[in-house]
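A.B. asks: The structure is given below, and queries will be raised subsequently.
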4 protein chains.
Amino acid sequence: MINVGIIGATGYAGEELIDILLCHPEVRITNICAKIPEPQLITDIFPKFRDRIDLVCDEPDLKKIANDCDLIFLALPHTVSMEVAPKLLSAGKTVIDLSADYRLKNTSVYEKFYSTKHKDKENLAKAVYGLPELNRAKIKNAKFIANPGCYPTACILPLAPLVAFGLIDADSIIIDAKSGVTGAGRKITAGFLFSEVNEDFKAYKVNNHQHSPEINQELSKLAGKKIEVVFVPHLLPLNRGILSTIYVNKGNKGAKSQGLTQLYKKFYKNEPFVRIRKEGDFPRIKDVVNTNFCDICLKEEKGRVIIVSAIDNLLKGASGQAVQNMNIMYGFPEKTALL
Amino acid sequence: MINVGIIGATGYAGEELIDILLCHPEVRITNICAKIPEPQLITDIFPKFRDRIDLVCDEPDLKKIANDCDLIFLALPHTVSMEVAPKLLSAGKTVIDLSADYRLKNTSVYEKFYSTKHKDKENLAKAVYGLPELNRAKIKNAKFIANPGCYPTACILPLAPLVAFGLIDADSIIIDAKSGVTGAGRKITAGFLFSEVNEDFKAYKVNNHQHSPEINQELSKLAGKKIEVVFVPHLLPLNRGILSTIYVNKGNKGAKSQGLTQLYKKFYKNEPFVRIRKEGDFPRIKDVVNTNFCDICLKEEKGRVIIVSAIDNLLKGASGQAVQNMNIMYGFPEKTALL
Amino acid sequence: MINVGIIGATGYAGEELIDILLCHPEVRITNICAKIPEPQLITDIFPKFRDRIDLVCDEPDLKKIANDCDLIFLALPHTVSMEVAPKLLSAGKTVIDLSADYRLKNTSVYEKFYSTKHKDKENLAKAVYGLPELNRAKIKNAKFIANPGCYPTACILPLAPLVAFGLIDADSIIIDAKSGVTGAGRKITAGFLFSEVNEDFKAYKVNNHQHSPEINQELSKLAGKKIEVVFVPHLLPLNRGILSTIYVNKGNKGAKSQGLTQLYKKFYKNEPFVRIRKEGDFPRIKDVVNTNFCDICLKEEKGRVIIVSAIDNLLKGASGQAVQNMNIMYGFPEKTALL
Amino acid sequence: MINVGIIGATGYAGEELIDILLCHPEVRITNICAKIPEPQLITDIFPKFRDRIDLVCDEPDLKKIANDCDLIFLALPHTVSMEVAPKLLSAGKTVIDLSADYRLKNTSVYEKFYSTKHKDKENLAKAVYGLPELNRAKIKNAKFIANPGCYPTACILPLAPLVAFGLIDADSIIIDAKSGVTGAGRKITAGFLFSEVNEDFKAYKVNNHQHSPEINQELSKLAGKKIEVVFVPHLLPLNRGILSTIYVNKGNKGAKSQGLTQLYKKFYKNEPFVRIRKEGDFPRIKDVVNTNFCDICLKEEKGRVIIVSAIDNLLKGASGQAVQNMNIMYGFPEKTALL
């Protein structure tokens, strides 16, 4: 049984973490914090948790948190995490950071996309990118996890086998991604008002989204050479879920390849949360919402492969994956509280 | 042909006014204003109007507006209208105010529900309540219209005949009203974010909504005695439309009444925008969205009547009714640009 | 550990039962059946269950089911359950029926509202109405449960204390109920198409819904006298959830009552799935979706009480309550798999 | 003033045609027909039209229709139109067919995608593809129009200039298209139920949709050589609108091209219903819903162009375009009833 704190508990990822951890038999939530005008019962903020938890949410007192907790989840906005993480890490705590602050190893790229200096290069170097399917061994021994972004999770998993085996033209990757609104967090701006989003659909940050470099970094690592994808995200009028439609050209090596679906099944055969569908049986968002699964389906055409992947952006794309990482780090069965 | 200005053009009611007036053959929109950081093409704010209008939206310059326009629509937040209206009225202009500032004749009630002093009692006394079905004669000769609220329109019309003829127990009126999200205006608060409203439904301001006294005032006038309704509004996860379900007990006089539907048809027989459905053929929001109609249906039971009404809150509940009032005031055919 | 079968697994209630029972440590799902053109993997019907269950869904073979299972859930359409239940009961099996077939004790009322003869009066007499909050003792010893309807659950719980203590005018109960679309089941009719329901809202079966007599039956039993409510259901454009707004007049006995919220808290103090909110803190659908809770809030006014209740129609209104009943019958902790 | 009939009036396109034509000053709707169990007032089918039209909808009597009407719109399902059109054409009537029956000039392609023999090759040869921006001259003199599909309209317009000028690699066109649910018509199947589509999103008919050959045919004609696009449609949980995100590689000729947005503005400069946005100012569905506009925006990158287009599938994608074609054929101002 471990003691766990959540900093940034009032956002969607924080709310979801509470929901998952309340069902986790090896976890006791001891501290819940957020930037908040004054201390408030977490059940007054989220009435759905009434009769299940009895904690007050308050501004984070890092000393108290370090004292109370074994592990702390940071569900903070980008640029805020790097103010908080170093203090917890130097107190010897285990930290899983859901923000983007420790994902991009190249700080100049970080600074370009997040418009701020990186203030904690020391821990950046130590942070393990928490995508279990590619990094499980490192995660197992890590004290500090940079939990992947939602789009990167939804895009790296369906591309990893093709990229790792060098079967495709690395310059040809086009990702047309569509995300539900919680992907943007509980941000109070006109663009996320109900009457603006409802009955609407749009592309945004066209090939200029801050998750592009994260996708490029991880795929390049896998490929052993520089990969730059075209990445166009869109905003869906629904609460949860990401569906990515990916177009790639086969490369010389892959030109005569067949049975890519089999290759994928083999690549992911021990993965508890990746499901490879049979060719042409494309997943929909409904298949994965409220689960930690990533569903993937391929369709091979002459010189091309079309891939569709689906995840729940708040689970496999954020809090679910964070708990999966925790399970791996502490030796709990990997599916605990996730199935 | 008249020249028209719109102050408060960036809200939902303002946007809708532009949409209607662009199709009105007797109107030229000459001025478009709103509280706005800097002047901006209205088509940059609302790209849907591109190629249809070529005006800049700017902070209101009342002198210029008074100089340019015959008629000004105020689509301003409550409490702001009464800063603006007096200046336009004293310049001899015709004004249709879509806010609540000139609807409640009793300023102490206004002050209780809108939490501010009323600053323009002089014009309050002159303002005509712009519900054409009950006030057409006065509207015809008015220079200043207080355009009714959306809920009051949706509630007064379905109750007016019963109340006017004294057929019901005046203490028994229960209104369970449900409104789409544009009813709240383009307010940027957490409660109106997509992920909060979508897949949710709730009651709010339970029997304590600022439209209650407006409904009570108008029904009391009709009844010739004090009427206080129970009014519970709810927030629907959709953009446009109000549906009200109303429960009343028949009074002594109405106990043996029959054929209330016929009575309603007669009461509204010359009204271009009220449609009485046959008994039991209840309207739905879809029947009236994007129209200026109010659809009404009754079901009589032993001692009780159940009434359902439906309107589009932005049309018959706001901008459509405002244009209907304009048509009446200027002698244009009443349906112009509304059908 | 018990063996459980689900007949009618392809509807929303059946799907939800699978979802809950897959997490229940004392249950093994052994049989999954439905009216279906040909046998099909349940994971081909519901891809979200892949990697979690490995059963074929087939037409029900009652002998095999009786042989394999201890308990059978019937998630069948009304009028179909009474063809199936007798055979399972006579084979000594425990049955929880989610249809309406065994809820109404008066068969002439049943026949009026369901337009068919009742064919199993024998078992009708034995069926226990499975509302744990009012009937736990009987449920504990039952072999056959008539699981309550979704609207009745959402309406009886918020009225029970007032009715049981005789505090209200029994003729004054008005229930304005609003349900998400899954409440209608997976019925393929034009009225439930996306483009018909989306951006729409309507009343239906106005004071003529088949759940009215069920509400009346149970409240009358509690009151010890005949109660007839006014019940108007509405269709919400969302997937899950029922919110009921209830209006009652206090009776002589209740006229001077105060602190009804306290009374409610006391009445339900040992109930794991009823949460009484403080006065005026009305629940919304979001507070209960994906939970088995019924949230209730009161607001007392002069001679009147306004009550709002919220449930998830597929959980507390159907499958969650069915599992709650199972837990009670088998002595499992009542919250198992439900929290 | 012309007399107009609508066959297939009860579908979404038919409903929309009524809505538009009721506002058309040069049109009198004289006949409304559909496959229908028994004759019914069109206002009983669509209550929103009450007080606006007073016709009975009945099974089509082609002789009577030919006798009453100058022009007939066929808003029929695919494969049904070709049963009806020949009779009206041989009676000398003008026909605008909204189905796919007369769009594909190659009948073997038609037969492959629509799974039926083509029965009217004679009129197929005469049918003019009714995309005004590319075919206005032919439309002006036509008696028989094959009105384009919704996806083809949304995809051909944003590609036409690039293809016509040969600026792109013809093999590189990838169209990721997303459509609202009315695009599928009022089809009563499980897949279009509210609870299936709401909160879901999916790809379907991946690179195998019947609109692919229509897009290929028209683009090949423009290019003067064979073009085959990759076309992946997706289903959006909203009523109206199509947004297409298109990815192309510049060809040799286009490699050094600059200012494609200017080229587009020039190409479409006299078009009343195409709006070219400035580079990077991508349209959203909200900008075009309830209008007949097609909005287009480009973003040029190194060797690539990303294009986004948006239309209302029921207007520019169906009934609006059909009326635009009628206006051209009869010499009415092209925008009549459409703005």
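Letters A, B, ... mark the chains of the structure tokens in the order given; residue numbers begin at 1 per chain; ligand numbers begin at 1, in order shown.
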Could you build a table of the residues in range 185-235 of chain D lying no more than 12 Å from range 188-208 of chain A, giving for each the nearest pair of atoms and their separation in Å rounded to one decimal place, using only C-alpha atoms, ordered by chain and ascending residue number, as a Markdown table?
C.D. replies:
| residue | atom | partner | partner_atom | distance |
| --- | --- | --- | --- | --- |
| D:Asn198 | CA | A:Glu199 | CA | 11.4 |
| D:Glu199 | CA | A:Asn198 | CA | 11.5 |
| D:Phe201 | CA | A:Phe201 | CA | 11.9 |
| D:Leu235 | CA | A:Phe201 | CA | 11.5 |
A.B. asks: Just the alpha helix (DSSP H) stuff from range 123-241 of chain A, please, per backbone DSSP, written as number ranges by chain.
C.D. replies: A: 123-126, 132-140, 150-164, 194-197, 212-223
A.B. asks: Okay, now the selection with N, CA and C atoms, as a short mmCIF file (atom, residue, chain, number, x, y, z; two decimals), in the first residue's frame?
C.D. replies:
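Wrote selection-v1.cif, looks like this:
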data_model
loop_
_atom_site.label_atom_id
_atom_site.label_comp_id
_atom_site.auth_asym_id
_atom_site.auth_seq_id
_atom_site.Cartn_x
_atom_site.Cartn_y
_atom_site.Cartn_z
N ASN A 123 16.81 17.54 -14.16
CA ASN A 123 15.84 16.45 -14.10
C ASN A 123 15.32 16.05 -15.47
N LEU A 124 15.31 16.99 -16.40
CA LEU A 124 14.91 16.65 -17.77
C LEU A 124 15.74 15.47 -18.27
N ALA A 125 17.02 15.51 -17.96
CA ALA A 125 17.91 14.44 -18.42
C ALA A 125 17.56 13.10 -17.79
N LYS A 126 17.02 13.16 -16.59
CA LYS A 126 16.71 11.91 -15.88
C LYS A 126 15.32 11.34 -16.18
N PRO A 132 4.85 2.70 -21.87
CA PRO A 132 5.26 1.36 -21.45
C PRO A 132 5.57 0.43 -22.61
N GLU A 133 4.85 0.54 -23.69
CA GLU A 133 5.03 -0.40 -24.81
C GLU A 133 6.44 -0.28 -25.40
N LEU A 134 7.06 0.88 -25.28
CA LEU A 134 8.40 1.04 -25.85
C LEU A 134 9.47 1.13 -24.77
N ASN A 135 9.08 1.43 -23.56
CA ASN A 135 10.05 1.80 -22.53
C ASN A 135 9.88 1.07 -21.20
N ARG A 136 9.25 -0.09 -21.22
CA ARG A 136 8.88 -0.69 -19.94
C ARG A 136 10.07 -0.92 -19.01
N ALA A 137 11.16 -1.37 -19.58
CA ALA A 137 12.32 -1.69 -18.74
C ALA A 137 12.82 -0.46 -17.99
N LYS A 138 12.93 0.64 -18.70
CA LYS A 138 13.37 1.88 -18.05
C LYS A 138 12.37 2.38 -17.02
N ILE A 139 11.11 2.25 -17.34
CA ILE A 139 10.07 2.73 -16.43
C ILE A 139 10.17 1.98 -15.10
N LYS A 140 10.42 0.68 -15.21
CA LYS A 140 10.47 -0.18 -14.02
C LYS A 140 11.44 0.38 -12.97
N CYS A 150 -1.32 13.12 -25.08
CA CYS A 150 -2.41 12.29 -25.60
C CYS A 150 -2.24 12.02 -27.08
N TYR A 151 -2.03 13.06 -27.87
CA TYR A 151 -1.81 12.82 -29.31
C TYR A 151 -0.60 11.92 -29.55
N PRO A 152 0.56 12.19 -28.91
CA PRO A 152 1.70 11.30 -29.15
C PRO A 152 1.39 9.84 -28.87
N THR A 153 0.68 9.55 -27.76
CA THR A 153 0.33 8.16 -27.50
C THR A 153 -0.50 7.59 -28.64
N ALA A 154 -1.47 8.40 -29.10
CA ALA A 154 -2.37 7.93 -30.16
C ALA A 154 -1.67 7.80 -31.50
N CYS A 155 -0.48 8.40 -31.65
CA CYS A 155 0.20 8.40 -32.95
C CYS A 155 1.44 7.52 -32.97
N ILE A 156 2.15 7.46 -31.84
CA ILE A 156 3.38 6.67 -31.83
C ILE A 156 3.05 5.18 -31.85
N LEU A 157 2.08 4.76 -31.04
CA LEU A 157 1.79 3.32 -30.99
C LEU A 157 1.41 2.76 -32.37
N PRO A 158 0.55 3.44 -33.14
CA PRO A 158 0.19 2.86 -34.44
C PRO A 158 1.31 2.95 -35.48
N LEU A 159 2.34 3.74 -35.23
CA LEU A 159 3.43 3.85 -36.20
C LEU A 159 4.67 3.07 -35.79
N ALA A 160 4.80 2.76 -34.52
CA ALA A 160 6.05 2.20 -34.01
C ALA A 160 6.55 0.98 -34.79
N PRO A 161 5.73 -0.04 -35.03
CA PRO A 161 6.29 -1.22 -35.72
C PRO A 161 6.82 -0.87 -37.13
N LEU A 162 6.03 -0.12 -37.89
CA LEU A 162 6.49 0.24 -39.24
C LEU A 162 7.78 1.04 -39.20
N VAL A 163 7.85 1.95 -38.27
CA VAL A 163 9.03 2.80 -38.17
C VAL A 163 10.23 2.00 -37.66
N ALA A 164 9.99 1.18 -36.66
CA ALA A 164 11.10 0.42 -36.07
C ALA A 164 11.73 -0.53 -37.09
N PHE A 194 -19.63 25.77 -24.89
CA PHE A 194 -20.49 24.77 -25.51
C PHE A 194 -21.01 25.21 -26.87
N SER A 195 -21.58 26.42 -26.94
CA SER A 195 -22.23 26.82 -28.19
C SER A 195 -21.23 27.08 -29.31
N GLU A 196 -19.96 27.17 -28.98
CA GLU A 196 -18.94 27.33 -30.02
C GLU A 196 -18.52 25.97 -30.58
N VAL A 197 -18.43 24.99 -29.72
CA VAL A 197 -17.89 23.68 -30.13
C VAL A 197 -19.00 22.77 -30.65
N SER A 212 3.68 17.82 -32.12
CA SER A 212 4.47 17.34 -33.28
C SER A 212 5.90 16.99 -32.88
N PRO A 213 6.63 17.88 -32.21
CA PRO A 213 8.02 17.53 -31.89
C PRO A 213 8.13 16.32 -30.97
N GLU A 214 7.13 16.12 -30.13
CA GLU A 214 7.16 14.94 -29.26
C GLU A 214 7.02 13.66 -30.09
N ILE A 215 6.11 13.70 -31.04
CA ILE A 215 5.96 12.54 -31.95
C ILE A 215 7.25 12.34 -32.74
N ASN A 216 7.77 13.42 -33.29
CA ASN A 216 8.99 13.32 -34.09
C ASN A 216 10.16 12.77 -33.28
N GLN A 217 10.30 13.23 -32.05
CA GLN A 217 11.41 12.79 -31.20
C GLN A 217 11.36 11.28 -30.97
N GLU A 218 10.20 10.78 -30.62
CA GLU A 218 10.10 9.36 -30.28
C GLU A 218 10.21 8.47 -31.52
N LEU A 219 9.59 8.93 -32.63
CA LEU A 219 9.70 8.12 -33.85
C LEU A 219 11.12 8.14 -34.38
N SER A 220 11.78 9.28 -34.28
CA SER A 220 13.17 9.36 -34.76
C SER A 220 14.06 8.42 -33.95
N LYS A 221 13.81 8.38 -32.65
CA LYS A 221 14.59 7.48 -31.80
C LYS A 221 14.40 6.03 -32.28
N LEU A 222 13.17 5.68 -32.54
CA LEU A 222 12.87 4.32 -33.01
C LEU A 222 13.51 4.03 -34.35
N ALA A 223 13.44 5.02 -35.24
CA ALA A 223 13.92 4.81 -36.61
C ALA A 223 15.43 4.86 -36.70
#
A.B. asks: Which residues come within 9 Å of Asp171 in chain B, counting only C-alpha atoms, excluding same-chain residues fewer than 6 positions away, as a PyMOL selection string?
C.D. replies: chain B and resi 227-230+248-249
A.B. asks: Any chance you could tabulate, as a tab-separated table, the residues of chain A at most 9 Å from chain D with each one's nearest atom pair and distance in Å to one decimal, using only C-alpha atoms, in chain and rising number order?
C.D. replies:
residue	atom	partner	partner_atom	distance
A:Ile174	CA	D:Tyr247	CA	8.2
A:Asp176	CA	D:Asp176	CA	7.3
A:Lys178	CA	D:Phe201	CA	8.8
A:Gly180	CA	D:Glu199	CA	8.7
A:Glu196	CA	D:Lys286	CA	8.3
A:Val197	CA	D:Lys286	CA	8.9
A:Asn198	CA	D:Leu238	CA	7.7
A:Glu199	CA	D:Leu238	CA	5.1
A:Asp200	CA	D:Lys286	CA	5.3
A:Phe201	CA	D:Ile285	CA	5.5
A:Lys202	CA	D:Arg284	CA	4.6
A:Ala203	CA	D:Phe282	CA	7.1
A:Tyr204	CA	D:Phe282	CA	7.8
A:Val206	CA	D:Gly280	CA	8.0
A:Asn207	CA	D:Ile306	CA	8.9
A:Val232	CA	D:Thr245	CA	8.6
A:Leu236	CA	D:Leu236	CA	7.7
A:Pro237	CA	D:Pro237	CA	6.9
A:Leu238	CA	D:Glu199	CA	5.1
A:Asn239	CA	D:Glu199	CA	6.9
A:Arg240	CA	D:Glu199	CA	7.5
A:Gly241	CA	D:Asp200	CA	8.2
A:Ile242	CA	D:Phe201	CA	8.7
A:Leu243	CA	D:Lys202	CA	7.4
A:Thr245	CA	D:Ala203	CA	8.1
A:Tyr247	CA	D:Ile174	CA	8.2
A:Gly280	CA	D:Val206	CA	8.0
A:Phe282	CA	D:Ala203	CA	7.1
A:Pro283	CA	D:Lys202	CA	7.1
A:Arg284	CA	D:Lys202	CA	4.6
A:Ile285	CA	D:Asp200	CA	5.3
A:Lys286	CA	D:Asp200	CA	5.3
A:Asp287	CA	D:Asp200	CA	8.9
A:Val289	CA	D:Asp200	CA	8.9
A:Lys299	CA	D:Val206	CA	8.3
A:Ile306	CA	D:Val206	CA	8.5
A:Val308	CA	D:Ala203	CA	8.0
A.B. asks: Give me a file of those residues, with C-alpha atoms, as a PDB file, in the first residue's frame.
C.D. replies:
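File produced: part_28.pdb:
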ATOM      1  CA  ILE A 174       0.668  12.181 -42.565  1.00  0.00           C
ATOM      2  CA  ASP A 176      -4.872  13.492 -39.432  1.00  0.00           C
ATOM      3  CA  LYS A 178      -9.199  14.249 -34.127  1.00  0.00           C
ATOM      4  CA  GLY A 180     -12.531  15.343 -28.009  1.00  0.00           C
ATOM      5  CA  GLU A 196     -18.937  27.328 -30.016  1.00  0.00           C
ATOM      6  CA  VAL A 197     -17.894  23.677 -30.128  1.00  0.00           C
ATOM      7  CA  ASN A 198     -21.257  21.963 -30.374  1.00  0.00           C
ATOM      8  CA  GLU A 199     -22.323  21.280 -33.979  1.00  0.00           C
ATOM      9  CA  ASP A 200     -18.895  22.506 -35.107  1.00  0.00           C
ATOM     10  CA  PHE A 201     -15.677  20.855 -36.222  1.00  0.00           C
ATOM     11  CA  LYS A 202     -12.373  22.410 -37.182  1.00  0.00           C
ATOM     12  CA  ALA A 203      -8.682  21.913 -37.797  1.00  0.00           C
ATOM     13  CA  TYR A 204      -6.363  23.892 -35.521  1.00  0.00           C
ATOM     14  CA  VAL A 206      -2.335  22.972 -38.627  1.00  0.00           C
ATOM     15  CA  ASN A 207       1.021  21.201 -38.783  1.00  0.00           C
ATOM     16  CA  VAL A 232      -2.999  18.142 -38.312  1.00  0.00           C
ATOM     17  CA  LEU A 236     -14.376  16.945 -32.192  1.00  0.00           C
ATOM     18  CA  PRO A 237     -17.673  17.953 -30.552  1.00  0.00           C
ATOM     19  CA  LEU A 238     -17.533  15.221 -27.933  1.00  0.00           C
ATOM     20  CA  ASN A 239     -16.015  14.849 -24.483  1.00  0.00           C
ATOM     21  CA  ARG A 240     -13.480  12.050 -24.692  1.00  0.00           C
ATOM     22  CA  GLY A 241     -11.444  10.201 -27.250  1.00  0.00           C
ATOM     23  CA  ILE A 242      -8.845  10.588 -29.972  1.00  0.00           C
ATOM     24  CA  LEU A 243      -9.016   8.935 -33.357  1.00  0.00           C
ATOM     25  CA  THR A 245      -6.071   8.422 -39.350  1.00  0.00           C
ATOM     26  CA  TYR A 247      -1.319   7.708 -44.169  1.00  0.00           C
ATOM     27  CA  GLY A 280     -10.171  -3.371 -42.315  1.00  0.00           C
ATOM     28  CA  PHE A 282     -11.337  -0.080 -37.991  1.00  0.00           C
ATOM     29  CA  PRO A 283     -11.824   0.960 -34.376  1.00  0.00           C
ATOM     30  CA  ARG A 284     -14.115   3.810 -33.398  1.00  0.00           C
ATOM     31  CA  ILE A 285     -13.852   6.072 -30.394  1.00  0.00           C
ATOM     32  CA  LYS A 286     -16.684   4.216 -28.663  1.00  0.00           C
ATOM     33  CA  ASP A 287     -14.556   1.053 -28.553  1.00  0.00           C
ATOM     34  CA  VAL A 289     -13.763   5.329 -24.253  1.00  0.00           C
ATOM     35  CA  LYS A 299      -5.391  -1.368 -44.350  1.00  0.00           C
ATOM     36  CA  ILE A 306      -3.742   3.517 -43.938  1.00  0.00           C
ATOM     37  CA  VAL A 308      -6.469   4.118 -37.700  1.00  0.00           C
TER      38      VAL A 308
END
A.B. asks: DSSP on the backbone, strand (DSSP E) only: what residues of range 1-77 of chain D does that give? Format it as number ranges by chain.
C.D. replies: D: 2-7, 27-33, 40-41, 56-58, 71-74
A.B. asks: Would you write out those residues with N, CA and C atoms, as an mmCIF file, in the first residue's frame?
C.D. replies:
data_model
loop_
_atom_site.group_PDB
_atom_site.id
_atom_site.type_symbol
_atom_site.label_atom_id
_atom_site.label_comp_id
_atom_site.auth_asym_id
_atom_site.auth_seq_id
_atom_site.Cartn_x
_atom_site.Cartn_y
_atom_site.Cartn_z
ATOM 1 N N ILE D 2 -42.224 29.717 -61.930
ATOM 2 C CA ILE D 2 -42.329 28.352 -62.444
ATOM 3 C C ILE D 2 -42.965 27.426 -61.407
ATOM 4 N N ASN D 3 -43.544 26.359 -61.920
ATOM 5 C CA ASN D 3 -44.143 25.346 -61.054
ATOM 6 C C ASN D 3 -43.154 24.217 -60.835
ATOM 7 N N VAL D 4 -42.996 23.856 -59.584
ATOM 8 C CA VAL D 4 -41.944 22.913 -59.236
ATOM 9 C C VAL D 4 -42.512 21.745 -58.440
ATOM 10 N N GLY D 5 -42.016 20.548 -58.724
ATOM 11 C CA GLY D 5 -42.369 19.369 -57.938
ATOM 12 C C GLY D 5 -41.143 18.789 -57.259
ATOM 13 N N ILE D 6 -41.382 18.163 -56.125
ATOM 14 C CA ILE D 6 -40.285 17.499 -55.403
ATOM 15 C C ILE D 6 -40.686 16.044 -55.199
ATOM 16 N N ILE D 7 -39.893 15.138 -55.727
ATOM 17 C CA ILE D 7 -40.157 13.711 -55.502
ATOM 18 C C ILE D 7 -39.082 13.200 -54.538
ATOM 19 N N VAL D 27 -40.719 30.780 -57.668
ATOM 20 C CA VAL D 27 -41.093 29.370 -57.650
ATOM 21 C C VAL D 27 -42.399 29.146 -56.904
ATOM 22 N N ARG D 28 -43.223 28.313 -57.466
ATOM 23 C CA ARG D 28 -44.412 27.832 -56.762
ATOM 24 C C ARG D 28 -44.271 26.315 -56.620
ATOM 25 N N ILE D 29 -44.254 25.817 -55.378
ATOM 26 C CA ILE D 29 -44.220 24.355 -55.194
ATOM 27 C C ILE D 29 -45.632 23.831 -55.418
ATOM 28 N N THR D 30 -45.775 22.944 -56.411
ATOM 29 C CA THR D 30 -47.125 22.456 -56.723
ATOM 30 C C THR D 30 -47.320 20.992 -56.379
ATOM 31 N N ASN D 31 -46.213 20.226 -56.335
ATOM 32 C CA ASN D 31 -46.352 18.784 -56.080
ATOM 33 C C ASN D 31 -45.264 18.308 -55.117
ATOM 34 N N ILE D 32 -45.686 17.563 -54.132
ATOM 35 C CA ILE D 32 -44.753 17.010 -53.154
ATOM 36 C C ILE D 32 -45.048 15.524 -53.036
ATOM 37 N N CYS D 33 -44.067 14.706 -53.315
ATOM 38 C CA CYS D 33 -44.309 13.261 -53.319
ATOM 39 C C CYS D 33 -43.192 12.514 -52.602
ATOM 40 N N GLN D 40 -50.501 12.279 -46.794
ATOM 41 C CA GLN D 40 -50.399 12.970 -45.507
ATOM 42 C C GLN D 40 -50.026 14.428 -45.776
ATOM 43 N N LEU D 41 -50.606 15.315 -45.003
ATOM 44 C CA LEU D 41 -50.199 16.714 -45.122
ATOM 45 C C LEU D 41 -48.698 16.826 -44.898
ATOM 46 N N VAL D 56 -50.525 18.189 -49.756
ATOM 47 C CA VAL D 56 -50.503 16.806 -49.304
ATOM 48 C C VAL D 56 -49.340 16.093 -49.987
ATOM 49 N N CYS D 57 -48.615 15.326 -49.221
ATOM 50 C CA CYS D 57 -47.534 14.510 -49.775
ATOM 51 C C CYS D 57 -48.104 13.142 -50.114
ATOM 52 N N ASP D 58 -47.849 12.691 -51.320
ATOM 53 C CA ASP D 58 -48.439 11.426 -51.762
ATOM 54 C C ASP D 58 -47.423 10.656 -52.608
ATOM 55 N N LEU D 71 -40.512 22.062 -63.633
ATOM 56 C CA LEU D 71 -39.243 21.494 -63.176
ATOM 57 C C LEU D 71 -39.515 20.519 -62.041
ATOM 58 N N ILE D 72 -38.801 19.404 -62.043
ATOM 59 C CA ILE D 72 -38.959 18.439 -60.949
ATOM 60 C C ILE D 72 -37.584 18.140 -60.340
ATOM 61 N N PHE D 73 -37.534 18.245 -59.008
ATOM 62 C CA PHE D 73 -36.351 17.815 -58.272
ATOM 63 C C PHE D 73 -36.546 16.361 -57.832
ATOM 64 N N LEU D 74 -35.563 15.537 -58.112
ATOM 65 C CA LEU D 74 -35.608 14.157 -57.620
ATOM 66 C C LEU D 74 -34.669 14.031 -56.420
#
A.B. asks: Between A:Val84, A:Leu62, A:Leu260, A:Ile18, which is the closest to Ile42 in chain A once you count only C-alpha atoms?
C.D. replies: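 Looking at the shortest contact to Ile42 in chain A, the residue is A:Ile18.
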A.B. asks: Can you pull out the residues contacting range 108-121 of chain D? Cut-off 10 Å, using only C-alpha atoms, and skip same-chain residues under 6 positions away; I want them as an MDAnalysis selection string.
C.D. replies: chainID D and resid 78:79 81:83 85:86 100:102 127 208:214
A.B. asks: What does the distance from CA of Phe267 in chain D to CA of Pro233 in chain A come to in Å, to one decimal?
C.D. replies: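 If I compute the distance from CA of Phe267 in chain D to CA of Pro233 in chain A, I get 28.6 Å.
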A.B. asks: Name the residues in contact with Gly259 in chain D at a cut-off of 12 Å, using only C-alpha atoms, excluding same-chain residues fewer than 3 positions from it; report them as a ChimeraX atom specification.
C.D. replies: /D:162,254-256,262-266,278-279,298-301,305
A.B. asks: Report, in Å with one decimal, the straight-line distance from CA of Ser309 in chain B to CA of Phe273 in chain B.
C.D. replies: 12.6 Å
A.B. asks: To one decimal place, how far is CA of Ile296 in chain D from CA of Val274 in chain D in Å?
C.D. replies: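 These atoms are spaced 7.5 Å apart.
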